[in-house]
Each structure stands twice: as C-alpha cells, then as structure tokens.
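Asker: If it helps, the file is called start.cif and holds mmCIF, C-alpha atoms and all ligand atoms:
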data_start
#
loop_
_atom_site.label_atom_id
_atom_site.label_comp_id
_atom_site.auth_asym_id
_atom_site.auth_seq_id
_atom_site.Cartn_x
_atom_site.Cartn_y
_atom_site.Cartn_z
CA MET X 3 86.77 74.22 100.45
CA SER X 4 84.95 75.24 103.61
CA PRO X 5 86.07 78.41 105.40
CA LEU X 6 88.82 78.12 108.01
CA PRO X 7 87.24 77.46 111.40
CA THR X 8 87.64 79.95 114.21
CA GLY X 9 90.78 79.18 116.20
CA ALA X 10 92.78 78.47 113.02
CA THR X 11 96.02 80.37 112.42
CA VAL X 12 96.68 83.05 109.82
CA GLY X 13 100.25 84.04 108.95
CA ILE X 14 101.11 87.57 107.86
CA ILE X 15 104.40 88.42 106.17
CA GLY X 16 105.27 91.97 107.14
CA GLY X 17 104.73 93.69 110.46
CA GLY X 18 103.65 97.24 109.58
CA GLN X 19 100.35 99.00 110.12
CA LEU X 20 98.61 97.08 107.35
CA GLY X 21 99.59 93.82 109.04
CA ARG X 22 98.37 95.24 112.33
CA MET X 23 94.95 96.06 110.94
CA LEU X 24 94.75 92.67 109.22
CA ALA X 25 95.63 90.99 112.51
CA LEU X 26 92.89 92.92 114.33
CA ALA X 27 90.37 91.88 111.67
CA ALA X 28 91.51 88.24 111.87
CA ALA X 29 91.15 88.34 115.65
CA ARG X 30 87.49 89.35 115.30
CA PHE X 31 86.86 85.96 113.67
CA GLY X 32 88.81 84.25 116.44
CA TYR X 33 91.81 83.47 114.27
CA ARG X 34 95.25 83.32 115.75
CA VAL X 35 97.90 85.38 113.99
CA VAL X 36 101.62 84.79 113.44
CA VAL X 37 103.64 87.69 112.03
CA LEU X 38 106.95 87.32 110.20
CA GLU X 39 108.90 90.56 110.49
CA PRO X 40 112.59 91.21 111.18
CA GLY X 41 111.97 94.42 113.13
CA PRO X 42 111.31 94.01 116.84
CA ASP X 43 108.18 95.49 118.46
CA CYS X 44 106.56 96.16 115.10
CA PRO X 45 102.97 97.46 114.79
CA ALA X 46 101.51 94.09 113.75
CA ALA X 47 103.32 92.01 116.38
CA GLN X 48 101.87 94.21 119.14
CA VAL X 49 98.41 92.77 118.37
CA ALA X 50 99.37 89.27 117.16
CA ASN X 51 99.75 85.95 118.98
CA GLU X 52 103.26 85.27 117.81
CA HIS X 53 106.09 87.17 116.19
CA LEU X 54 108.79 85.42 114.19
CA VAL X 55 111.69 87.87 114.29
CA ALA X 56 113.60 86.98 111.13
CA PRO X 57 114.22 88.21 107.57
CA TYR X 58 111.33 87.61 105.16
CA ASP X 59 113.37 85.04 103.27
CA ASP X 60 114.80 83.19 106.27
CA PRO X 61 114.29 79.48 105.42
CA ASP X 62 113.80 78.37 109.03
CA ALA X 63 111.32 81.12 109.79
CA LEU X 64 109.39 80.37 106.59
CA ALA X 65 109.31 76.67 107.49
CA THR X 66 107.96 77.58 110.94
CA LEU X 67 105.37 79.89 109.38
CA ALA X 68 104.22 77.12 107.03
CA GLU X 69 104.00 74.66 109.92
CA ARG X 70 102.06 76.91 112.29
CA CYS X 71 99.63 78.50 109.83
CA HIS X 72 96.59 77.29 107.91
CA VAL X 73 96.92 80.13 105.44
CA VAL X 74 99.56 82.82 104.92
CA THR X 75 99.09 86.28 103.43
CA TYR X 76 101.25 89.41 103.13
CA GLU X 77 100.91 93.10 103.83
CA PHE X 78 103.52 94.47 101.41
CA GLU X 79 104.42 93.82 97.80
CA ASN X 80 108.15 93.37 98.16
CA VAL X 81 108.08 89.95 99.78
CA PRO X 82 111.06 88.18 98.15
CA LEU X 83 109.56 86.27 95.22
CA ALA X 84 111.64 83.12 95.70
CA ALA X 85 110.58 82.95 99.36
CA ALA X 86 106.91 83.37 98.38
CA ARG X 87 107.21 80.64 95.75
CA THR X 88 108.82 78.21 98.18
CA LEU X 89 106.29 79.03 100.86
CA ALA X 90 103.42 78.42 98.43
CA THR X 91 104.58 74.81 98.01
CA LYS X 92 104.25 74.24 101.77
CA VAL X 93 101.18 76.19 102.83
CA VAL X 94 98.26 78.00 101.20
CA LEU X 95 99.58 81.46 100.25
CA ARG X 96 96.89 84.00 99.34
CA PRO X 97 97.24 86.03 97.21
CA GLY X 98 99.64 83.73 95.34
CA PRO X 99 103.15 84.60 94.13
CA GLU X 100 101.99 85.66 90.65
CA ALA X 101 100.54 88.93 91.96
CA LEU X 102 103.90 89.68 93.61
CA ARG X 103 105.81 88.89 90.44
CA VAL X 104 103.75 91.36 88.44
CA ALA X 105 103.57 94.10 91.09
CA GLN X 106 107.27 94.07 91.95
CA ASP X 107 108.49 95.38 88.61
CA ARG X 108 106.92 98.52 87.14
CA LEU X 109 107.71 97.41 83.61
CA VAL X 110 106.13 93.96 84.00
CA GLU X 111 103.20 95.63 85.78
CA LYS X 112 102.57 98.16 82.99
CA GLU X 113 102.79 95.40 80.36
CA PHE X 114 100.33 93.31 82.35
CA LEU X 115 97.89 96.19 82.80
CA ARG X 116 97.97 96.87 79.06
CA SER X 117 97.59 93.16 78.24
CA ILE X 118 94.22 93.14 80.01
CA GLY X 119 93.03 96.20 78.14
CA LEU X 120 93.76 98.98 80.65
CA GLY X 121 95.37 102.20 79.47
CA THR X 122 98.58 103.41 81.12
CA ALA X 123 100.99 106.31 80.69
CA SER X 124 103.41 105.88 77.78
CA TYR X 125 106.55 104.16 79.05
CA ALA X 126 109.89 102.70 78.06
CA PRO X 127 112.59 100.86 80.00
CA ILE X 128 116.03 102.32 80.69
CA SER X 129 118.32 99.35 81.21
CA ARG X 130 121.71 101.07 81.15
CA ALA X 131 123.20 104.55 81.17
CA ASP X 132 123.34 104.68 77.34
CA ASP X 133 119.55 104.28 77.11
CA VAL X 134 118.85 107.53 78.97
CA GLY X 135 119.19 109.96 76.03
CA PRO X 136 117.26 107.96 73.39
CA VAL X 137 114.49 106.90 75.80
CA LEU X 138 113.90 110.41 77.16
CA GLY X 139 113.91 111.69 73.57
CA ALA X 140 111.20 109.19 72.65
CA ILE X 141 109.01 109.66 75.75
CA GLY X 142 109.27 113.48 75.66
CA ARG X 143 108.75 116.00 78.48
CA PRO X 144 107.45 116.24 81.06
CA CYS X 145 108.17 112.72 82.19
CA ILE X 146 108.95 110.74 85.33
CA VAL X 147 111.84 108.33 85.65
CA LYS X 148 111.31 105.63 88.28
CA THR X 149 113.24 102.65 89.51
CA ARG X 150 111.52 99.51 88.21
CA ARG X 151 111.72 97.84 91.61
CA LEU X 152 111.42 98.75 95.28
CA GLY X 153 109.98 102.25 94.91
CA TYR X 154 107.30 103.36 97.37
CA ASP X 155 105.71 106.61 98.48
CA GLY X 156 107.34 108.43 95.55
CA LYS X 157 110.86 107.26 96.45
CA GLY X 158 113.29 106.35 93.64
CA GLN X 159 111.64 108.81 91.23
CA LEU X 160 112.75 111.87 89.33
CA ARG X 161 110.41 114.22 87.51
CA LEU X 162 111.81 115.99 84.46
CA ASP X 163 109.93 119.07 83.25
CA GLU X 164 110.46 120.83 79.91
CA ALA X 165 113.22 122.94 81.40
CA SER X 166 114.89 120.46 83.76
CA ARG X 167 118.42 119.54 82.97
CA VAL X 168 118.89 115.78 82.85
CA PRO X 169 121.56 114.94 85.40
CA GLY X 170 124.56 113.58 83.46
CA ASP X 171 124.61 110.59 85.73
CA LEU X 172 120.81 110.09 85.92
CA TYR X 173 121.23 106.34 85.73
CA ARG X 174 123.69 106.28 88.63
CA HIS X 175 121.73 109.00 90.45
CA LEU X 176 118.78 106.60 90.70
CA GLY X 177 120.97 103.78 91.95
CA GLY X 178 122.38 102.23 88.76
CA VAL X 179 119.39 99.89 88.62
CA PRO X 180 116.87 99.20 85.83
CA LEU X 181 114.55 102.19 85.34
CA ILE X 182 111.33 103.02 83.57
CA ALA X 183 110.55 106.38 82.00
CA GLU X 184 106.89 107.34 81.95
CA GLY X 185 105.19 110.13 80.04
CA PHE X 186 103.68 112.58 82.51
CA VAL X 187 99.90 112.17 82.71
CA ASP X 188 98.05 115.46 82.93
CA PHE X 189 95.35 114.09 85.22
CA VAL X 190 92.46 115.98 86.82
CA CYS X 191 92.58 113.74 89.89
CA GLU X 192 93.94 110.50 91.24
CA ILE X 193 91.57 107.82 92.41
CA SER X 194 91.92 104.28 93.65
CA VAL X 195 89.66 101.31 93.79
CA ILE X 196 89.97 98.51 96.34
CA THR X 197 88.72 95.23 94.93
CA ALA X 198 88.30 91.86 96.59
CA ARG X 199 88.06 88.42 95.03
CA SER X 200 87.04 85.35 96.98
CA VAL X 201 88.26 81.77 96.63
CA ASP X 202 85.23 80.94 94.48
CA GLY X 203 85.70 83.94 92.22
CA ASP X 204 83.15 86.41 93.60
CA ILE X 205 84.38 89.99 93.05
CA ARG X 206 83.37 93.12 94.97
CA SER X 207 84.82 96.62 94.89
CA PHE X 208 84.60 99.44 97.40
CA THR X 209 83.55 102.86 96.16
CA PRO X 210 86.56 104.55 94.50
CA ALA X 211 88.28 107.21 96.61
CA ALA X 212 89.93 110.44 95.42
CA ASN X 213 93.48 110.65 96.74
CA GLU X 214 95.62 113.68 97.51
CA HIS X 215 99.39 113.19 97.74
CA ARG X 216 102.14 115.46 98.98
CA ASP X 217 105.79 114.63 98.33
CA GLY X 218 104.66 111.28 96.94
CA ILE X 219 102.86 110.30 100.16
CA LEU X 220 99.11 109.86 100.46
CA ARG X 221 97.70 112.60 102.70
CA ARG X 222 93.94 112.38 102.27
CA SER X 223 91.31 110.20 100.66
CA VAL X 224 87.75 111.37 100.02
CA VAL X 225 84.85 109.05 99.26
CA PRO X 226 83.17 108.92 96.87
CA ALA X 227 85.67 110.40 94.41
CA ASP X 228 84.09 113.46 92.76
CA VAL X 229 83.98 111.95 89.28
CA SER X 230 81.13 110.85 87.01
CA PRO X 231 79.22 107.63 87.67
CA ALA X 232 80.71 106.29 84.44
CA THR X 233 84.24 106.87 85.78
CA LEU X 234 83.38 105.20 89.09
CA GLU X 235 82.06 102.23 87.13
CA ALA X 236 85.11 102.11 84.87
CA ALA X 237 87.37 102.06 87.94
CA ALA X 238 85.43 99.16 89.48
CA ALA X 239 85.52 97.32 86.16
CA ALA X 240 89.30 97.83 85.96
CA GLY X 241 89.77 96.43 89.48
CA ALA X 242 87.57 93.45 88.60
CA ALA X 243 89.46 92.76 85.37
CA LEU X 244 92.75 92.85 87.24
CA VAL X 245 91.82 90.45 90.06
CA GLU X 246 90.26 88.11 87.52
CA ALA X 247 93.33 88.13 85.27
CA LEU X 248 95.63 87.44 88.24
CA ASP X 249 93.34 84.66 89.53
CA TYR X 250 93.67 86.65 92.72
CA VAL X 251 92.35 85.84 96.20
CA GLY X 252 92.24 88.74 98.64
CA VAL X 253 92.04 92.52 98.47
CA LEU X 254 93.97 94.58 95.95
CA GLY X 255 94.38 98.35 95.55
CA LEU X 256 94.51 99.82 92.04
CA GLU X 257 95.63 103.44 91.57
CA LEU X 258 94.25 105.32 88.61
CA PHE X 259 94.61 108.71 86.95
CA VAL X 260 91.39 110.41 85.79
CA LEU X 261 91.71 112.52 82.63
CA ASP X 262 89.56 115.53 81.86
CA ASP X 263 87.26 113.54 79.58
CA GLY X 264 86.53 111.20 82.53
CA SER X 265 88.57 108.31 81.13
CA ILE X 266 91.05 106.47 83.35
CA LEU X 267 94.64 105.29 83.07
CA ALA X 268 96.07 102.69 85.44
CA ASN X 269 99.12 103.83 87.40
CA GLU X 270 99.98 100.87 89.60
CA PHE X 271 98.45 98.29 91.87
CA ALA X 272 99.30 96.91 95.28
CA PRO X 273 98.52 93.22 95.93
CA ARG X 274 97.34 93.96 99.46
CA VAL X 275 95.10 96.15 101.54
CA HIS X 276 95.76 99.79 100.72
CA ASN X 277 96.20 103.07 102.58
CA SER X 278 93.51 104.67 100.41
CA GLY X 279 91.01 102.12 101.79
CA HIS X 280 91.39 102.86 105.50
CA TRP X 281 88.13 104.83 105.48
CA THR X 282 86.27 101.54 104.94
CA GLU X 283 86.71 100.77 108.65
CA LEU X 284 84.46 103.71 109.50
CA VAL X 285 81.58 103.33 107.06
CA CYS X 286 81.49 99.86 105.47
CA PRO X 287 79.74 96.83 106.97
CA SER X 288 82.84 94.82 105.92
CA ASP X 289 85.97 96.96 105.78
CA GLN X 290 88.95 96.18 103.54
CA PHE X 291 90.77 94.29 106.31
CA GLU X 292 87.82 92.05 107.08
CA GLN X 293 87.24 91.60 103.34
CA HIS X 294 90.82 90.43 102.91
CA VAL X 295 90.59 88.07 105.87
CA ARG X 296 87.30 86.71 104.55
CA ALA X 297 88.81 86.09 101.12
CA VAL X 298 92.03 84.41 102.24
CA THR X 299 90.30 82.23 104.84
CA GLY X 300 87.71 81.02 102.32
CA HIS X 301 84.64 82.93 103.53
CA PRO X 302 82.19 84.65 101.20
CA LEU X 303 82.93 88.35 100.72
CA GLY X 304 81.14 90.86 102.93
CA ASP X 305 79.13 93.98 102.15
CA PRO X 306 81.31 96.84 100.77
CA THR X 307 78.52 99.45 100.74
CA SER X 308 79.96 102.86 101.60
CA ALA X 309 78.90 106.35 102.70
CA PRO X 310 80.57 109.75 102.15
CA CYS X 311 83.66 110.14 104.32
CA GLU X 312 87.29 111.19 104.39
CA MET X 313 90.53 109.82 105.77
CA VAL X 314 93.64 111.81 106.65
CA ASN X 315 97.00 110.24 107.35
CA LEU X 316 98.84 111.37 110.47
CA ILE X 317 102.39 111.67 109.22
CA GLY X 318 105.42 112.41 111.39
CA ASP X 319 104.70 115.21 113.87
CA GLU X 320 101.04 115.30 112.88
CA LEU X 321 100.72 112.48 115.37
CA GLY X 322 100.83 115.20 118.05
CA GLY X 323 97.32 116.34 117.03
CA TRP X 324 95.70 113.02 117.77
CA THR X 325 94.29 113.88 121.20
CA GLU X 326 92.55 116.93 119.70
CA LEU X 327 91.04 114.76 117.00
CA VAL X 328 89.82 112.33 119.63
CA ALA X 329 88.46 115.19 121.75
CA SER X 330 86.62 116.71 118.77
CA GLY X 331 84.27 113.75 118.68
CA ASP X 332 84.03 113.94 114.84
CA TRP X 333 87.03 111.83 114.03
CA ARG X 334 87.76 108.16 114.56
CA VAL X 335 91.47 107.87 115.27
CA HIS X 336 93.58 104.82 114.50
CA LEU X 337 97.23 104.86 115.63
CA TYR X 338 99.81 102.26 114.70
CA GLY X 339 101.85 101.92 117.89
CA LYS X 340 105.10 103.09 116.26
CA GLY X 341 107.58 104.15 118.90
CA GLU X 342 109.74 106.51 116.91
CA VAL X 343 108.31 109.53 115.07
CA ARG X 344 110.12 110.26 111.79
CA PRO X 345 109.19 113.08 109.38
CA ASP X 346 107.78 110.87 106.58
CA ARG X 347 106.53 108.04 108.74
CA LYS X 348 102.86 107.12 108.72
CA MET X 349 101.97 107.14 112.43
CA GLY X 350 98.22 106.72 112.16
CA HIS X 351 95.13 107.96 110.37
CA ALA X 352 91.80 109.52 111.21
CA THR X 353 88.45 109.13 109.48
CA ARG X 354 85.19 111.00 109.64
CA ARG X 355 81.85 110.96 107.90
CA LEU X 356 80.98 113.72 105.48
CA PRO X 357 77.50 115.14 104.91
P1 LIG C 401 103.86 105.99 92.04
O1 LIG C 401 104.95 105.63 92.95
O2 LIG C 401 103.99 105.43 90.67
O3 LIG C 401 102.48 105.72 92.62
O4 LIG C 401 103.93 107.59 91.90
C1 LIG C 401 103.70 108.45 92.99
C2 LIG C 401 102.89 109.65 92.55
O5 LIG C 401 103.60 110.36 91.51
C3 LIG C 401 101.54 109.32 91.91
O6 LIG C 401 100.55 109.15 92.89
C4 LIG C 401 101.30 110.54 91.04
O7 LIG C 401 100.88 111.64 91.82
C5 LIG C 401 102.68 110.85 90.53
N1 LIG C 401 102.92 110.15 89.25
C6 LIG C 401 103.49 108.94 89.11
N2 LIG C 401 103.56 108.59 87.81
C7 LIG C 401 103.02 109.60 87.11
C8 LIG C 401 102.82 109.86 85.71
N3 LIG C 401 103.21 108.98 84.76
N4 LIG C 401 102.22 111.02 85.36
C9 LIG C 401 101.83 111.91 86.30
N5 LIG C 401 102.02 111.74 87.63
C10 LIG C 401 102.61 110.61 88.03
#
Would you kindly transcribe this structure into structure tokens?
Answerer:
Amino acid sequence: MSPLPTGATVGIIGGGQLGRMLALAAARFGYRVVVLEPGPDCPAAQVANEHLVAPYDDPDALATLAERCHVVTYEFENVPLAAARTLATKVVLRPGPEALRVAQDRLVEKEFLRSIGLGTASYAPISRADDVGPVLGAIGRPCIVKTRRLGYDGKGQLRLDEASRVPGDLYRHLGGVPLIAEGFVDFVCEISVITARSVDGDIRSFTPAANEHRDGILRRSVVPADVSPATLEAAAAAGAALVEALDYVGVLGLELFVLDDGSILANEFAPRVHNSGHWTELVCPSDQFEQHVRAVTGHPLGDPTSAPCEMVNLIGDELGGWTELVASGDWRVHLYGKGEVRPDRKMGHATRRLP
C-alpha cells in the first residue's frame, strides 16, 4: 500500500495531550485530524480540524469517524474493545484491536509477555475475596496488588510490605473487581523503550530512557538510561519482540525493571506514544509522534537517533514555573492547553539537552 497522501484524514480516539502531539505531528505532513473525545475543549481538539464530542463507544460517532477518516489510531489503551473491533471492520485501525485486548488486562498482558520469552514479576490473579489470603501467601511480601483493568499512574494499586496489615476487605477496598498480585521487584532502576513498527514490518526503537516516578506518576526521564550497553540492547530487543508478536503498526512504549545484574523484567506496555518518549521531540530527527504518524499512514519509519537529554513533567502547580523555564533558554517547554490545574494533572513537560 502506498502512504496516505497529504490532505488525507487521520482519526484519533482520545483527546488528551498525547492526541494533541499526534495531531501536531500529523499536521506537519498536511493531514487533517478528527478527534473523538467526550470532553469539550480537550487538548487534542484545540489543534485538530474536527472534534466529535461523544463517548468513545458511541455508534453514531464511530460511524462518522470511519466515514471521515482514511486511518484511525488511538492515544490511550482503554478504548472500549468492542468499539475498536467494530471500527476496525469499517476503517483501517492502527494499531489493531489485538494490542488493546492484551494491554487492557494486566493478567492477559503478563501472560502474553511471558509467552514471548520476556521475564516479569511473579504474579497470580485474585478473582474473589476468598482468593486474597491464599494468593498473598503464595506470592509473599513485599508485593503489590493491582486492579487488572483501568489502572493508570499508580491508581488502583496497594503495596503490602512485610509489616503491612492486609485490609480485611482488600478485595472490596480495590473496587470489588478482578485483581492481580505481583511480587515486588527489587529493581535498581526503571527504564522504558519506545519501539515503532511500520506497515511492512520494519522495526526501530528509540534509545531507552531511565524513568523516575513519584506517587506512581512519571516525573523525569533521562536519556540514555545509565545502564550497560547489553541492557540497552536487551530493552530494544524486548520492544522489537513485542511489536512483532502483536503484528503491531505504530509506536508502543514498554516499561521495564532493571535488576542489579543488568537483566530486565517487563512491567507493562502501552499501545501508544508514551510519556517517557516526549524527549524525542527535542533531539530525534523523527520524534515518537512523527514515527507513529509515519507508521499508521503507511510511510517508512524515520530516524530515531538520539542525544543525551532529559524531560521533566510539569504536574499540577508546577505549571506555574513554565515562564521561568522559557526564560532560562535551556529548556524547551511544551504545554497541553488544559484549562483547569489539578494536583496530579499533567499540564505540560519541558526538555533539555544534557552534556
Ligand atoms: P504500573 O502501574 O504497573 O506501571 O506501576 C506503577 C509503578 O509502581 C511502577 O512504575 C513501579 O515503580 C511500581 N511497581 C509496579 N509494579 C511493581 C512490582 N511488581 N515491583 C516493584 N515495583 C512495582
């Protein structure tokens, strides 16, 4: 298939900052962008040609999206699976629904990661309140109990140390939904690799970043991650194995734990552009957003070569410091156009080169 011509229309499900940056990248190739997002005045719609204000699974809105667009993609992993499957019968959806199916359930995801030869934390499902005692006994302490679905930025998780008392109603406490217990990984650092796969199967990864989290939210990414060349290579190989196994088209972010012997365990992946790849816009000839647009519109992948740099998220009130960052001249600032500042809300990010 030849690449989509300029002037063609790309649909994006989800209207957050990732959709916004995808829309900006699509616009650089002259594509028109339609965003499907129920929230009014969302970050992506501010820079798109059209905004369908409707739930992600609204049949009429999905029909309109399929009609108006030459290809549709998504900026978050919780697109309702049935809606994605229906949409994929009407319009080219990249990445396809399979990546969503796997990424939406932590248990399915861990099983998939292991099935392609990647190591993970030990884990076991908790399907009802009666499972809590036996499963925690088998997994041991410390451990983390997570909801299988719909967790993000550390939400829906409970860490249990040696001494923590298990809440009597742990199952209900986490919403009375299916859970997964994971053995706690004693990692030396967390890294991520952003990998792209094109329509014809070419695979390219960006240099893995080291990621620092606070309260479950990414605060800072540093590139390259300060790990051995062998670990950097293993991370890229893991990303490549994953996109290949999913027959994936687009950009995917894989989060990994690095152990003290340099080996890696896979934590989770996001079938989309990733917060830990925002630095690519500063230093890479093709950043992650352009790479995703290239992949889903049928172009060859671009050059992911990187240089040392860091990215910090501007979260909540940290937004207030943005003019100073701009004035400093060292930082490139990218704000998301979100009207309301909330304590845990990602309002923007800033990137700078490192020596
Ligand atoms: P997640 O939502 O799975 O990405 O978890 C959020 C953060 O919690 C991760 O980035 C880690 O810092 C930490 N975490 C999650 N799972 C584990 C684990 N099994 N062992 C150690 N730390 C974990």
Asker: What does the distance from CA of Arg344 (chain X) to CA of Gly153 (chain X) come to in Å, to one decimal?
Answerer: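 These atoms are spaced 18.7 Å apart.
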Asker: Out of X:Gly341, X:Gly350, X:Gly241, X:Gly218, which residue has the shortest atom-to-atom distance to ligand LIG 401 (chain C) when counting only C-alpha atoms and all ligand atoms?
Answerer: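 Nearest candidate to ligand LIG 401 (chain C) out of X:Gly341, X:Gly350, X:Gly241, X:Gly218: X:Gly218.
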Asker: Please identify all polymer residues within 7 Å of region 68-78 of chain X, counting only C-alpha atoms, omitting same-chain residues fewer than 3 positions from it, and present them as a PyMOL selection string.
Answerer: chain X and resi 10-16+20-21+64-65+81+89+92-97+274-275+299
Asker: Excluding same-chain residues fewer than 3 positions from Ala165 (chain X), what lies within 12 Å of it counting only C-alpha atoms, as a PyMOL selection string?
Answerer: chain X and resi 142-145+161-162+168
Asker: When you look at region 249-252 of chain X with a cut-off of 7 Å (counting all atoms listed in the file), what residues show up, excluding the ones that are within fewer than 2 positions of it in the same chain? I need them as a list in words.
Answerer: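 The residues that qualify are Arg96, Pro97, Ala198, Arg199, Ser200, Val201, Val245, Glu246, Ala247, Leu254, His294, Ala297 and Val298 of chain X.
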Asker: Keeping only C-alpha atoms, write the selected residues as an mmCIF file, in the coordinates of the input.
Answerer:
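Saved the output as result-v2.cif:
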data_model
loop_
_atom_site.group_PDB
_atom_site.id
_atom_site.type_symbol
_atom_site.label_atom_id
_atom_site.label_comp_id
_atom_site.auth_asym_id
_atom_site.auth_seq_id
_atom_site.Cartn_x
_atom_site.Cartn_y
_atom_site.Cartn_z
ATOM 1 C CA ARG X 96 96.890 84.000 99.340
ATOM 2 C CA PRO X 97 97.240 86.030 97.210
ATOM 3 C CA ALA X 198 88.300 91.860 96.590
ATOM 4 C CA ARG X 199 88.060 88.420 95.030
ATOM 5 C CA SER X 200 87.040 85.350 96.980
ATOM 6 C CA VAL X 201 88.260 81.770 96.630
ATOM 7 C CA VAL X 245 91.820 90.450 90.060
ATOM 8 C CA GLU X 246 90.260 88.110 87.520
ATOM 9 C CA ALA X 247 93.330 88.130 85.270
ATOM 10 C CA LEU X 254 93.970 94.580 95.950
ATOM 11 C CA HIS X 294 90.820 90.430 102.910
ATOM 12 C CA ALA X 297 88.810 86.090 101.120
ATOM 13 C CA VAL X 298 92.030 84.410 102.240
#
Asker: How far is it from CA of Asp346 (chain X) to CA of Leu109 (chain X), in Å with one decimal?
Answerer: 26.6 Å
Asker: Within 12 Å of Glu320 (chain X), counting all atoms listed in the file, which residues qualify if same-chain residues fewer than 5 places away don't, as a VMD selection string?
Answerer: chain X and resid 221 314 to 315 325 to 327 337 343 to 352
Asker: Throw together the list of residues within 10 Å of ligand LIG 401 (chain C), counting only C-alpha atoms and all ligand atoms, and drop it here as a PyMOL selection string.
Answerer: chain X and resi 108+122-125+144-150+152-161+183-189+191-194+213-220+256-259+267-272
Asker: For each of X:Pro357, X:Pro310, X:Gly139, X:Gly121, take the minimum atom-to-atom distance to Ala211 (chain X), counting only C-alpha atoms, then give the residue where this is smallest.
Answerer: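 Nearest candidate to Ala211 (chain X) out of X:Pro357, X:Pro310, X:Gly139, X:Gly121: X:Pro310.
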Asker: Quick one: pull the distance between CA of Val134 (chain X) and CA of Gly177 (chain X), Å, one decimal.
Answerer: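 It comes out at 13.7 Å.
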Asker: For a cut-off of 7 Å around (116.3, 106.7, 81.4), file coordinates, pick out all residues using all atoms listed in the file and list them as a list in words.
Answerer: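 Protein, DNA and RNA residues close to (116.3, 106.7, 81.4): Ile128, Asp133, Val134, Gly135, Val137, Leu138, Val147, Tyr173, Leu181, Ile182 and Ala183 of chain X.
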Asker: Out of X:Glu164, X:Pro82, X:Pro127, X:Phe291, which residue has the shortest atom-to-atom distance to Phe31 (chain X) when counting all atoms listed in the file?
Answerer: X:Phe291
Asker: Counting all atoms listed in the file, which residue out of X:Ala131, X:Val104, X:Ala27, X:Leu316 sits closest to Gly170 (chain X)?
Answerer: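 Residue with the minimum atom-to-atom distance to Gly170 (chain X): X:Ala131.
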Asker: Report, as AutoDock Vina command-line options, the axis-aligned box around all atoms of region 214-230 of chain X present in the file, extended by 6 Å on each side; give centre and edge lengths in Å to one decimal place.
Answerer:
--center_x 93.5 --center_y 112.2 --center_z 94.9 --size_x 36.7 --size_y 18.5 --size_z 27.7
Asker: I'd like the neighbourhood of Gln48 (chain X) as a list in words, where a residue qualifies if any of its atoms comes within 10 Å (using all atoms listed in the file), though same-chain residues fewer than 3 positions away should be ignored.
Answerer: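 After dropping sequence-adjacent residues, the list is Gly17, Arg22, Ala25, Val37, Pro42, Asp43, Cys44, Pro45, Asn51, Glu52, His53, Tyr338, Gly339 and Lys340 of chain X.
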Asker: Let me make sure I understand: among X:Val36, X:His301, X:Glu342, X:Asp289, which one has the smallest atom-to-atom distance to Leu321 (chain X) if we use all atoms listed in the file?
Answerer: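 Among the listed residues, X:Glu342 lies closest to Leu321 (chain X).
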Asker: Measuring atom to atom with all atoms listed in the file, identify which of X:Arg151, X:Arg354, X:His276, X:Arg334 is nearest to Cys311 (chain X).
Answerer: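 Once distances to Cys311 (chain X) are computed over all atoms listed in the file, the minimum belongs to X:Arg354.
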